[in-house]
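Visitor: Got a file for you: query.csv, CSV, C-alpha atoms and all ligand atoms.
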chain,number,residue,atom,x,y,z
A,1,MET,CA,-8.1,-90.6,-67.0
A,2,ILE,CA,-11.4,-92.4,-67.2
A,3,TYR,CA,-13.6,-94.4,-64.9
A,4,LEU,CA,-14.7,-97.9,-65.8
A,5,ASN,CA,-16.7,-100.2,-63.4
A,6,GLY,CA,-15.2,-99.0,-60.1
A,7,LYS,CA,-11.7,-98.2,-61.3
A,8,PHE,CA,-9.9,-95.1,-62.6
A,9,MET,CA,-7.4,-95.7,-65.4
A,10,PRO,CA,-5.9,-94.2,-68.5
A,11,ILE,CA,-8.3,-94.5,-71.4
A,12,GLN,CA,-5.7,-96.7,-73.3
A,13,GLU,CA,-6.2,-99.3,-70.6
A,14,ALA,CA,-10.0,-99.4,-70.7
A,15,PHE,CA,-11.7,-102.3,-72.4
A,16,VAL,CA,-15.2,-103.8,-72.3
A,17,PRO,CA,-16.0,-107.4,-73.3
A,18,VAL,CA,-17.5,-107.9,-76.7
A,19,LEU,CA,-20.7,-109.3,-75.2
A,20,ASP,CA,-21.5,-106.0,-73.5
A,21,ARG,CA,-25.1,-105.1,-74.4
A,22,GLY,CA,-24.0,-101.6,-75.3
A,23,PHE,CA,-21.8,-103.1,-78.0
A,24,ILE,CA,-24.3,-105.8,-79.1
A,25,PHE,CA,-27.6,-103.9,-78.9
A,26,GLY,CA,-26.8,-100.3,-78.1
A,27,ASP,CA,-28.7,-101.1,-74.8
A,28,GLY,CA,-27.8,-98.2,-72.6
A,29,VAL,CA,-28.1,-94.5,-71.9
A,30,TYR,CA,-25.7,-91.6,-71.5
A,31,GLU,CA,-25.3,-88.0,-70.3
A,32,VAL,CA,-22.9,-85.2,-71.3
A,33,ILE,CA,-22.3,-82.7,-68.5
A,34,PRO,CA,-20.2,-79.6,-68.9
A,35,ALA,CA,-17.8,-78.4,-66.2
A,36,TYR,CA,-16.6,-74.8,-66.2
A,37,SER,CA,-13.5,-73.9,-64.0
A,38,ARG,CA,-13.8,-77.5,-62.8
A,39,LYS,CA,-17.3,-77.0,-61.5
A,40,LEU,CA,-20.2,-79.1,-62.8
A,41,PHE,CA,-22.8,-77.0,-64.6
A,42,ARG,CA,-26.5,-77.9,-63.9
A,43,LEU,CA,-25.6,-81.2,-62.3
A,44,ASN,CA,-28.9,-81.9,-60.7
A,45,GLU,CA,-30.7,-81.3,-64.0
A,46,HIS,CA,-28.4,-83.7,-65.8
A,47,LEU,CA,-28.8,-86.4,-63.1
A,48,ASN,CA,-32.5,-86.0,-63.2
A,49,ARG,CA,-32.5,-86.5,-66.9
A,50,LEU,CA,-30.2,-89.5,-66.4
A,51,GLN,CA,-32.7,-91.0,-64.0
A,52,TYR,CA,-35.5,-90.4,-66.6
A,53,SER,CA,-33.5,-92.1,-69.3
A,54,LEU,CA,-32.7,-95.1,-67.0
A,55,ASP,CA,-36.4,-95.3,-66.2
A,56,GLY,CA,-37.2,-95.2,-69.9
A,57,ILE,CA,-35.1,-98.3,-70.6
A,58,ARG,CA,-36.0,-100.0,-67.2
A,59,LEU,CA,-32.5,-100.0,-65.9
A,60,LYS,CA,-31.9,-99.4,-62.1
A,61,ASN,CA,-29.8,-96.4,-61.3
A,62,PRO,CA,-26.5,-97.9,-60.0
A,63,HIS,CA,-25.6,-94.8,-57.9
A,64,THR,CA,-27.1,-92.2,-55.8
A,65,ASN,CA,-26.8,-88.6,-56.9
A,66,GLU,CA,-24.1,-88.0,-54.2
A,67,GLU,CA,-22.1,-91.0,-55.5
A,68,TRP,CA,-22.4,-89.7,-59.1
A,69,GLN,CA,-21.2,-86.3,-58.0
A,70,SER,CA,-18.2,-87.7,-56.3
A,71,LEU,CA,-17.3,-89.9,-59.3
A,72,LEU,CA,-17.7,-86.9,-61.7
A,73,GLU,CA,-15.6,-84.6,-59.5
A,74,GLN,CA,-12.9,-87.2,-59.3
A,75,ILE,CA,-12.8,-87.5,-63.1
A,76,ILE,CA,-12.6,-83.7,-63.3
A,77,ASP,CA,-9.7,-83.6,-60.8
A,78,GLN,CA,-7.8,-86.2,-62.8
A,79,ASN,CA,-8.0,-84.4,-66.1
A,80,GLU,CA,-6.1,-81.3,-67.2
A,81,SER,CA,-8.5,-78.8,-68.6
A,82,GLU,CA,-10.2,-76.2,-66.5
A,83,ASP,CA,-13.3,-76.5,-68.7
A,84,GLN,CA,-14.3,-80.1,-69.5
A,85,TYR,CA,-17.3,-82.0,-70.7
A,86,ILE,CA,-18.0,-85.3,-68.9
A,87,TYR,CA,-19.4,-88.2,-70.8
A,88,LEU,CA,-21.2,-90.7,-68.6
A,89,HIS,CA,-22.4,-94.0,-70.1
A,90,ILE,CA,-24.3,-96.9,-68.5
A,91,THR,CA,-25.2,-100.1,-70.3
A,92,ARG,CA,-27.2,-103.2,-69.2
A,93,GLY,CA,-23.9,-105.1,-68.8
A,94,VAL,CA,-22.3,-108.2,-70.2
A,95,ALA,CA,-24.5,-111.3,-70.9
A,96,LYS,CA,-25.0,-114.0,-73.5
A,97,ARG,CA,-26.6,-112.5,-76.5
A,98,ASP,CA,-30.4,-112.5,-76.0
A,99,HIS,CA,-32.7,-109.5,-76.5
A,100,ALA,CA,-34.5,-110.1,-73.2
A,101,PHE,CA,-33.0,-108.4,-70.1
A,102,PRO,CA,-30.4,-110.6,-68.4
A,103,ILE,CA,-31.0,-111.4,-64.7
A,104,GLY,CA,-28.5,-110.5,-62.0
A,105,VAL,CA,-26.0,-108.8,-64.3
A,106,ALA,CA,-24.2,-105.6,-63.2
A,107,PRO,CA,-24.4,-102.6,-65.5
A,108,THR,CA,-21.3,-101.3,-67.2
A,109,ILE,CA,-20.4,-97.8,-66.0
A,110,PHE,CA,-18.0,-95.6,-68.0
A,111,ILE,CA,-17.1,-92.0,-67.5
A,112,MET,CA,-14.6,-89.9,-69.5
A,113,SER,CA,-13.8,-86.3,-69.9
A,114,ASN,CA,-12.7,-84.1,-72.8
A,115,PRO,CA,-11.6,-80.5,-72.9
A,116,LEU,CA,-14.5,-78.2,-73.4
A,117,LEU,CA,-13.5,-75.5,-75.9
A,118,PRO,CA,-15.7,-72.5,-76.5
A,119,PRO,CA,-17.0,-72.1,-80.1
A,120,PRO,CA,-14.4,-70.2,-82.1
A,121,ALA,CA,-15.1,-66.4,-82.2
A,122,ALA,CA,-15.3,-66.6,-86.0
A,123,LEU,CA,-18.3,-69.0,-85.7
A,124,LEU,CA,-20.1,-66.6,-83.4
A,125,GLU,CA,-19.6,-63.8,-86.0
A,126,THR,CA,-20.6,-65.6,-89.1
A,127,GLY,CA,-22.9,-68.2,-87.6
A,128,VAL,CA,-23.1,-71.8,-89.0
A,129,SER,CA,-25.1,-73.5,-91.7
A,130,ALA,CA,-27.7,-76.2,-91.4
A,131,ILE,CA,-29.8,-78.4,-93.6
A,132,THR,CA,-33.2,-80.0,-93.0
A,133,ALA,CA,-34.1,-83.7,-93.2
A,134,VAL,CA,-37.0,-85.9,-92.3
A,135,ASP,CA,-36.8,-87.0,-88.7
A,136,ASN,CA,-36.8,-90.8,-89.1
A,137,ARG,CA,-35.8,-91.7,-85.5
A,138,TRP,CA,-37.8,-93.8,-83.1
A,139,VAL,CA,-40.5,-92.2,-80.9
A,140,ARG,CA,-38.6,-92.2,-77.7
A,141,CYS,CA,-36.2,-89.3,-78.5
A,142,ASP,CA,-36.8,-88.1,-75.0
A,143,VAL,CA,-34.6,-90.9,-73.8
A,144,LYS,CA,-30.8,-90.2,-74.1
A,145,ALA,CA,-30.1,-93.6,-75.5
A,146,ILE,CA,-26.6,-94.7,-76.7
A,147,SER,CA,-28.2,-96.3,-79.8
A,148,LEU,CA,-27.6,-93.2,-82.0
A,149,LEU,CA,-27.4,-94.7,-85.5
A,150,PRO,CA,-30.3,-92.5,-86.9
A,151,ASN,CA,-28.6,-89.4,-85.3
A,152,VAL,CA,-25.3,-90.5,-86.8
A,153,LEU,CA,-26.7,-90.9,-90.3
A,154,LEU,CA,-28.7,-87.6,-90.0
A,155,ARG,CA,-25.7,-85.6,-88.8
A,156,GLN,CA,-23.5,-87.1,-91.5
A,157,LEU,CA,-26.0,-85.6,-94.1
A,158,ALA,CA,-24.9,-82.2,-92.7
A,159,VAL,CA,-21.2,-83.0,-92.9
A,160,ASP,CA,-21.7,-84.2,-96.5
A,161,ALA,CA,-23.3,-80.8,-97.3
A,162,HIS,CA,-20.5,-78.9,-95.5
A,163,ALA,CA,-23.0,-77.8,-92.8
A,164,VAL,CA,-22.8,-78.1,-89.0
A,165,GLU,CA,-26.2,-79.5,-88.1
A,166,THR,CA,-29.2,-81.3,-89.6
A,167,ILE,CA,-32.5,-79.9,-88.4
A,168,LEU,CA,-35.2,-82.6,-88.2
A,169,ILE,CA,-38.8,-82.3,-89.4
A,170,ARG,CA,-41.4,-84.8,-88.3
A,171,ASP,CA,-44.9,-84.6,-89.9
A,172,GLY,CA,-44.2,-81.1,-91.1
A,173,PHE,CA,-43.0,-79.8,-87.7
A,174,LEU,CA,-39.6,-79.0,-86.3
A,175,THR,CA,-38.4,-81.4,-83.6
A,176,GLU,CA,-34.7,-80.7,-82.9
A,177,GLY,CA,-31.2,-81.0,-84.4
A,178,ALA,CA,-29.5,-84.4,-84.9
A,179,ALA,CA,-27.4,-83.5,-81.8
A,180,SER,CA,-28.9,-80.2,-80.5
A,181,ASN,CA,-32.1,-78.3,-79.8
A,182,ILE,CA,-33.4,-75.7,-82.2
A,183,PHE,CA,-35.1,-72.4,-81.5
A,184,VAL,CA,-36.7,-70.0,-84.1
A,185,VAL,CA,-37.1,-66.3,-83.9
A,186,LYS,CA,-40.0,-64.5,-85.7
A,187,ASN,CA,-41.0,-60.9,-85.2
A,188,ASN,CA,-38.8,-60.6,-82.1
A,189,VAL,CA,-40.5,-63.6,-80.5
A,190,LEU,CA,-38.4,-66.6,-79.5
A,191,LEU,CA,-40.2,-69.8,-80.5
A,192,ALA,CA,-39.3,-73.2,-79.0
A,193,PRO,CA,-40.9,-76.6,-79.9
A,194,PRO,CA,-42.7,-78.1,-76.9
A,195,LYS,CA,-41.0,-81.0,-75.0
A,196,SER,CA,-42.4,-84.4,-76.0
A,197,ASN,CA,-41.4,-87.9,-76.7
A,198,LEU,CA,-40.1,-86.6,-80.1
A,199,MET,CA,-37.2,-84.6,-78.7
A,200,LEU,CA,-34.5,-84.7,-76.1
A,201,PRO,CA,-35.3,-82.3,-73.2
A,202,GLY,CA,-32.1,-80.3,-73.5
A,203,ILE,CA,-30.5,-78.8,-70.4
A,204,THR,CA,-29.4,-75.9,-72.5
A,205,TYR,CA,-32.9,-75.5,-74.0
A,206,ASP,CA,-34.2,-75.1,-70.4
A,207,VAL,CA,-31.5,-72.6,-69.6
A,208,VAL,CA,-32.3,-70.5,-72.7
A,209,LEU,CA,-36.1,-70.5,-71.8
A,210,GLU,CA,-35.3,-69.5,-68.2
A,211,LEU,CA,-33.1,-66.7,-69.5
A,212,ALA,CA,-35.9,-65.5,-71.8
A,213,ASP,CA,-38.3,-65.5,-68.9
A,214,HIS,CA,-35.9,-63.7,-66.6
A,215,HIS,CA,-35.0,-61.0,-69.1
A,216,LYS,CA,-38.6,-60.7,-70.3
A,217,ILE,CA,-37.8,-61.7,-73.9
A,218,PRO,CA,-41.2,-62.5,-75.6
A,219,HIS,CA,-41.3,-66.3,-76.1
A,220,GLU,CA,-43.7,-69.1,-77.0
A,221,VAL,CA,-43.4,-72.8,-76.5
A,222,ARG,CA,-45.4,-74.3,-79.4
A,223,GLN,CA,-45.2,-76.4,-82.5
A,224,ILE,CA,-43.1,-74.8,-85.2
A,225,SER,CA,-44.0,-75.7,-88.8
A,226,GLU,CA,-41.3,-76.4,-91.4
A,227,LYS,CA,-42.5,-73.3,-93.2
A,228,GLU,CA,-42.0,-71.1,-90.1
A,229,LEU,CA,-38.5,-72.6,-89.8
A,230,GLN,CA,-37.7,-71.7,-93.4
A,231,ASN,CA,-39.1,-68.1,-93.0
A,232,ALA,CA,-37.4,-67.6,-89.6
A,233,ASP,CA,-35.8,-64.2,-88.8
A,234,GLU,CA,-33.2,-66.1,-86.8
A,235,ILE,CA,-32.5,-69.8,-86.0
A,236,LEU,CA,-30.6,-70.8,-82.8
A,237,LEU,CA,-28.9,-74.1,-81.9
A,238,THR,CA,-28.3,-75.1,-78.3
A,239,SER,CA,-26.4,-77.9,-76.6
A,240,SER,CA,-24.2,-78.4,-73.6
A,241,THR,CA,-21.0,-78.4,-75.7
A,242,LYS,CA,-22.0,-75.8,-78.3
A,243,GLU,CA,-23.9,-73.6,-75.8
A,244,VAL,CA,-25.9,-71.2,-78.1
A,245,LEU,CA,-25.0,-70.8,-81.8
A,246,PRO,CA,-26.6,-68.8,-84.6
A,247,ILE,CA,-27.6,-70.7,-87.7
A,248,THR,CA,-27.2,-68.2,-90.5
A,249,THR,CA,-27.7,-70.5,-93.5
A,250,LEU,CA,-30.5,-73.1,-93.9
A,251,ASN,CA,-30.5,-75.3,-97.0
A,252,GLU,CA,-28.0,-72.9,-98.6
A,253,LYS,CA,-30.4,-69.9,-98.1
A,254,SER,CA,-29.3,-67.0,-95.9
A,255,ILE,CA,-31.1,-66.4,-92.6
A,256,ASN,CA,-31.0,-62.8,-91.4
A,257,ASN,CA,-28.8,-61.9,-94.4
A,258,GLY,CA,-26.3,-64.5,-93.2
A,259,LYS,CA,-25.6,-62.7,-89.9
A,260,PRO,CA,-26.2,-63.6,-86.3
A,261,GLY,CA,-29.3,-61.6,-85.2
A,262,VAL,CA,-30.2,-59.4,-82.2
A,263,MET,CA,-31.9,-62.3,-80.3
A,264,PHE,CA,-28.8,-64.5,-80.7
A,265,ASN,CA,-26.5,-61.7,-79.4
A,266,ARG,CA,-28.7,-61.1,-76.4
A,267,LEU,CA,-29.1,-64.7,-75.5
A,268,TYR,CA,-25.4,-65.5,-76.0
A,269,ALA,CA,-24.5,-62.6,-73.6
A,270,PHE,CA,-27.0,-63.7,-71.0
A,271,TYR,CA,-25.8,-67.3,-71.3
A,272,GLN,CA,-22.2,-66.3,-70.7
A,273,GLU,CA,-23.2,-64.1,-67.7
A,274,PHE,CA,-25.4,-67.0,-66.3
A,275,LYS,CA,-22.5,-69.4,-66.6
A,276,LYS,CA,-20.3,-67.1,-64.6
A,277,THR,CA,-22.8,-66.7,-61.8
A,278,ARG,CA,-23.4,-70.4,-61.7
A,279,MET,CA,-19.6,-71.0,-61.4
A,280,ARG,CA,-19.6,-68.9,-58.2
A,281,ASN,CA,-22.5,-70.9,-57.0
A,282,PRO,CA,-22.4,-74.3,-58.8
A,283,ILE,CA,-25.0,-77.1,-59.0
A,301,LIG,N1,-31.0,-83.1,-78.8
A,301,LIG,C1,-30.1,-84.0,-79.1
A,301,LIG,C2,-30.6,-85.1,-80.1
A,301,LIG,C3,-28.9,-84.1,-78.6
A,301,LIG,O1,-28.0,-85.1,-78.8
A,301,LIG,C4,-28.5,-83.0,-77.7
A,301,LIG,C5,-27.2,-83.0,-77.0
A,301,LIG,N2,-26.1,-83.3,-77.8
A,301,LIG,C6,-29.4,-82.0,-77.4
A,301,LIG,C7,-30.7,-82.1,-78.0
A,301,LIG,C8,-29.0,-80.9,-76.5
A,301,LIG,O2,-29.1,-81.3,-75.1
A,301,LIG,P1,-28.3,-80.6,-74.0
A,301,LIG,O3,-28.6,-79.1,-74.0
A,301,LIG,O4,-28.7,-81.2,-72.8
A,301,LIG,O5,-26.8,-80.8,-74.3
Before we go any further, please render this structure as structure tokens.
Guide:
Amino acid sequence: MIYLNGKFMPIQEAFVPVLDRGFIFGDGVYEVIPAYSRKLFRLNEHLNRLQYSLDGIRLKNPHTNEEWQSLLEQIIDQNESEDQYIYLHITRGVAKRDHAFPIGVAPTIFIMSNPLLPPPAALLETGVSAITAVDNRWVRCDVKAISLLPNVLLRQLAVDAHAVETILIRDGFLTEGAASNIFVVKNNVLLAPPKSNLMLPGITYDVVLELADHHKIPHEVRQISEKELQNADEILLTSSTKEVLPITTLNEKSINNGKPGVMFNRLYAFYQEFKKTRMRNPI
């Protein structure tokens, strides 16, 4: 069951007009919010980021946070899995094709849910592989825009190379993955690229840094050069759907002898524990 413009319906019955500005221009923003045991994880943080993205494209938020919460909870109720990830999508609505903002047009609001499956145990044992590529996206990567063509092309480079993610380098420095944030470990220090207009402020990125703080793991938020990435002791990938994953191969070269490292194992365990405590006390 999905939600589209005020109505709940099976996804097969959901259609949007071809003049929707999401279809025509990719003119919209989105969020992906995990729910564990049917409870929304870090809802306030996701709704804050949604507001930031809406501000970034100058689109009025059509709902209060209480209204969003109610819609999201109804979608969770109407879908089967205990663990789900909710996709929430807002476009500037349907209007005659013209780049300029239309006046008096209602936004299109779409919410769907999919089962949220934990990464297979084998992946956690072997880690995943990644490649690097030049970050050729626009300079508002902090906005979670639905216009994802550069991310699609960059991620496909990874698929073509039988890898899981493409790690992006802009002007010699790590920004993020095509669909994730990236951390580097060197000499037992967790390194994170600083938030800027060049990367998405990941919700999982924040959780990992909070966990590092809480558990007194040495960490630094600073620019990470491509060379440091290549010489990393460990590389970690984070996102709401993948949680924390170890990258054990970069451009066909083994990282940490092709095995998940100590930092990954610690952070993974802390993340799982944190999820459980948040489930008892959600939002
Ligand atoms: N960066 C990009 C480009 C992403 O698409 C995502 C989410 N898929 C992330 C980072 C991770 O963000 P979050 O932890 O909020 O899922």
Visitor: At what distance in Å, to one decimal, does atom CA of Thr248 of chain A lie from atom CA of Pro260 of chain A?
Guide: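 Taking atom CA of Pro260 of chain A as the start and atom CA of Thr248 of chain A as the end point, the length is 6.3 Å.
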Visitor: With distances taken over all atoms listed in the file, which of A:Ile255, A:Leu40, A:Ile182, A:Ile217 is nearest to Leu267 of chain A?
Guide: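 For Leu267 of chain A, the nearest of the candidates is A:Ile217.
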Visitor: So which residues touch segment 102-118 of chain A within 8 Å, counting all atoms listed in the file, skipping near sequence neighbours fewer than 3 positions away, as number ranges by chain?
Guide: A: 1-6, 20, 34-35, 62, 72, 75-76, 79-95, 98, 241-242
Visitor: Between A:Leu54, A:Val143, A:Val262, A:Ile24, which residue has the minimum interatomic distance to ligand LIG 301 (chain A), considering all atoms listed in the file?
Guide: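 Closest residue, counting all atoms listed in the file: A:Val143.
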Visitor: Once you count only C-alpha atoms and all ligand atoms, what closest atom pair and distance in Å to one decimal does each residue of chain A within 6 Å of ligand LIG 301 (chain A) have, with rows by chain and rising residue number, as a tab-separated table?
Guide:
residue	atom	partner	partner_atom	distance
A:Gly177	CA	A:LIG301	C2	6.0
A:Ala178	CA	A:LIG301	C2	5.0
A:Ala179	CA	A:LIG301	O1	3.5
A:Ser180	CA	A:LIG301	C6	3.6
A:Asn181	CA	A:LIG301	C7	4.4
A:Leu200	CA	A:LIG301	N1	4.7
A:Gly202	CA	A:LIG301	O2	3.5
A:Ile203	CA	A:LIG301	O4	3.8
A:Thr204	CA	A:LIG301	O3	3.6
A:Tyr205	CA	A:LIG301	O3	5.6
A:Thr238	CA	A:LIG301	O3	5.9
A:Ser239	CA	A:LIG301	O3	3.6
A:Ser240	CA	A:LIG301	O5	3.6
Visitor: Create the file for the chosen residues now, containing C-alpha atoms and written as a PDB file, in the frame of the given file.
Guide:
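Once everything was written out, this is again28.pdb:
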ATOM      1  CA  GLY A 177     -31.200 -81.000 -84.400  1.00  0.00           C
ATOM      2  CA  ALA A 178     -29.500 -84.400 -84.900  1.00  0.00           C
ATOM      3  CA  ALA A 179     -27.400 -83.500 -81.800  1.00  0.00           C
ATOM      4  CA  SER A 180     -28.900 -80.200 -80.500  1.00  0.00           C
ATOM      5  CA  ASN A 181     -32.100 -78.300 -79.800  1.00  0.00           C
ATOM      6  CA  LEU A 200     -34.500 -84.700 -76.100  1.00  0.00           C
ATOM      7  CA  GLY A 202     -32.100 -80.300 -73.500  1.00  0.00           C
ATOM      8  CA  ILE A 203     -30.500 -78.800 -70.400  1.00  0.00           C
ATOM      9  CA  THR A 204     -29.400 -75.900 -72.500  1.00  0.00           C
ATOM     10  CA  TYR A 205     -32.900 -75.500 -74.000  1.00  0.00           C
ATOM     11  CA  THR A 238     -28.300 -75.100 -78.300  1.00  0.00           C
ATOM     12  CA  SER A 239     -26.400 -77.900 -76.600  1.00  0.00           C
ATOM     13  CA  SER A 240     -24.200 -78.400 -73.600  1.00  0.00           C
TER      14      SER A 240
END
Visitor: Interatomic distance between atom CA of Ile224 of chain A and atom CA of Leu157 of chain A?
Guide: 22.1 Å
Visitor: Give me the residues within 12 Å of Glu220 of chain A as an NGL selection string, counting only C-alpha atoms and dropping any in the same chain fewer than 3 places off.
Guide: :A and (183-194 or 209 or 212-213 or 216-217 or 223-224)
Visitor: Can you tell me how far atom CA of Phe274 of chain A sits from atom CA of Asp206 of chain A, in Å to one decimal?
Guide: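 Between atom CA of Phe274 of chain A and atom CA of Asp206 of chain A the gap works out to 12.6 Å.
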Visitor: Do you have, as a Markdown table, the list of residues of segment 159-278 of chain A lying at most 7 Å from segment 121-126 of chain A, each with its nearest atom pair and that distance in Å to one decimal, counting only C-alpha atoms and ordered by chain then number?
Guide:
| residue | atom | partner | partner_atom | distance |
| --- | --- | --- | --- | --- |
| A:Leu245 | CA | A:Leu124 | CA | 6.6 |
| A:Pro246 | CA | A:Leu124 | CA | 7.0 |
| A:Lys259 | CA | A:Thr126 | CA | 5.8 |
| A:Pro260 | CA | A:Thr126 | CA | 6.6 |
Visitor: Measuring atom to atom with only C-alpha atoms, identify which of A:Arg58, A:Val134, A:Ala163, A:Val18 is nearest to Pro150 of chain A.
Guide: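 Distance minimum relative to Pro150 of chain A lands on A:Val134.
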Visitor: Kindly indicate which residue among A:Lys39, A:Arg97, A:Lys195, A:Arg266 lies nearest to His215 of chain A, using only C-alpha atoms for the distances.
Guide: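 Among A:Lys39, A:Arg97, A:Lys195, A:Arg266, it is A:Arg266 that comes nearest to His215 of chain A.
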Visitor: Select, from A:Ala232, A:Ala100, A:Leu71, A:Leu59, the residue with the minimum atom-to-atom distance to Ala145 of chain A, counting all atoms listed in the file.
Guide: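 For Ala145 of chain A, the nearest of the given residues is A:Leu59.
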Visitor: Could you model all heavy atoms for segment 8-15 of chain A and present them as a compact mmCIF listing (two decimals), keeping the file's coordinate frame?
Guide:
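Listing of out-v1.txt after writing:
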# COMPACT_ATOMS: atom_id res chain seq x y z
N PHE A 8 -10.39 -96.15 -61.74
CA PHE A 8 -9.90 -95.10 -62.60
C PHE A 8 -8.66 -95.56 -63.30
O PHE A 8 -7.84 -96.27 -62.71
CB PHE A 8 -9.53 -93.86 -61.68
CG PHE A 8 -10.74 -93.23 -61.05
CD1 PHE A 8 -11.20 -93.65 -59.80
CD2 PHE A 8 -11.43 -92.22 -61.71
CE1 PHE A 8 -12.33 -93.09 -59.22
CE2 PHE A 8 -12.57 -91.64 -61.13
CZ PHE A 8 -13.01 -92.08 -59.89
N MET A 9 -8.53 -95.21 -64.58
CA MET A 9 -7.40 -95.70 -65.40
C MET A 9 -7.20 -94.82 -66.60
O MET A 9 -8.14 -94.11 -67.00
CB MET A 9 -7.64 -97.15 -65.80
CG MET A 9 -8.86 -97.32 -66.70
SD MET A 9 -9.26 -99.05 -67.03
CE MET A 9 -10.35 -99.41 -65.65
N PRO A 10 -6.02 -94.88 -67.22
CA PRO A 10 -5.90 -94.20 -68.50
C PRO A 10 -6.77 -94.80 -69.54
O PRO A 10 -6.98 -96.03 -69.52
CB PRO A 10 -4.39 -94.40 -68.86
CG PRO A 10 -3.74 -94.90 -67.62
CD PRO A 10 -4.80 -95.56 -66.80
N ILE A 11 -7.27 -93.99 -70.45
CA ILE A 11 -8.30 -94.50 -71.40
C ILE A 11 -7.68 -95.65 -72.27
O ILE A 11 -8.40 -96.58 -72.64
CB ILE A 11 -8.83 -93.37 -72.31
CG1 ILE A 11 -10.07 -93.86 -73.05
CG2 ILE A 11 -7.79 -92.78 -73.25
CD1 ILE A 11 -11.01 -92.80 -73.53
N GLN A 12 -6.36 -95.63 -72.50
CA GLN A 12 -5.70 -96.70 -73.30
C GLN A 12 -5.88 -98.06 -72.65
O GLN A 12 -5.80 -99.09 -73.31
CB GLN A 12 -4.24 -96.41 -73.53
CG GLN A 12 -3.91 -95.16 -74.32
CD GLN A 12 -3.97 -93.89 -73.47
OE1 GLN A 12 -4.36 -93.91 -72.31
NE2 GLN A 12 -3.61 -92.78 -74.07
N GLU A 13 -6.08 -98.05 -71.35
CA GLU A 13 -6.20 -99.30 -70.60
C GLU A 13 -7.60 -99.81 -70.43
O GLU A 13 -7.84 -100.83 -69.80
CB GLU A 13 -5.48 -99.21 -69.27
CG GLU A 13 -3.98 -99.09 -69.41
CD GLU A 13 -3.30 -98.73 -68.09
OE1 GLU A 13 -3.90 -98.95 -67.01
OE2 GLU A 13 -2.17 -98.20 -68.16
N ALA A 14 -8.55 -99.04 -70.94
CA ALA A 14 -10.00 -99.40 -70.70
C ALA A 14 -10.56 -100.21 -71.79
O ALA A 14 -10.54 -99.82 -72.97
CB ALA A 14 -10.75 -98.04 -70.54
N PHE A 15 -11.08 -101.36 -71.42
CA PHE A 15 -11.70 -102.30 -72.40
C PHE A 15 -13.01 -102.81 -71.84
O PHE A 15 -13.14 -103.00 -70.63
CB PHE A 15 -10.77 -103.45 -72.72
CG PHE A 15 -9.53 -103.02 -73.46
CD1 PHE A 15 -8.35 -102.75 -72.77
CD2 PHE A 15 -9.56 -102.84 -74.83
CE1 PHE A 15 -7.22 -102.32 -73.44
CE2 PHE A 15 -8.43 -102.42 -75.51
CZ PHE A 15 -7.25 -102.15 -74.82
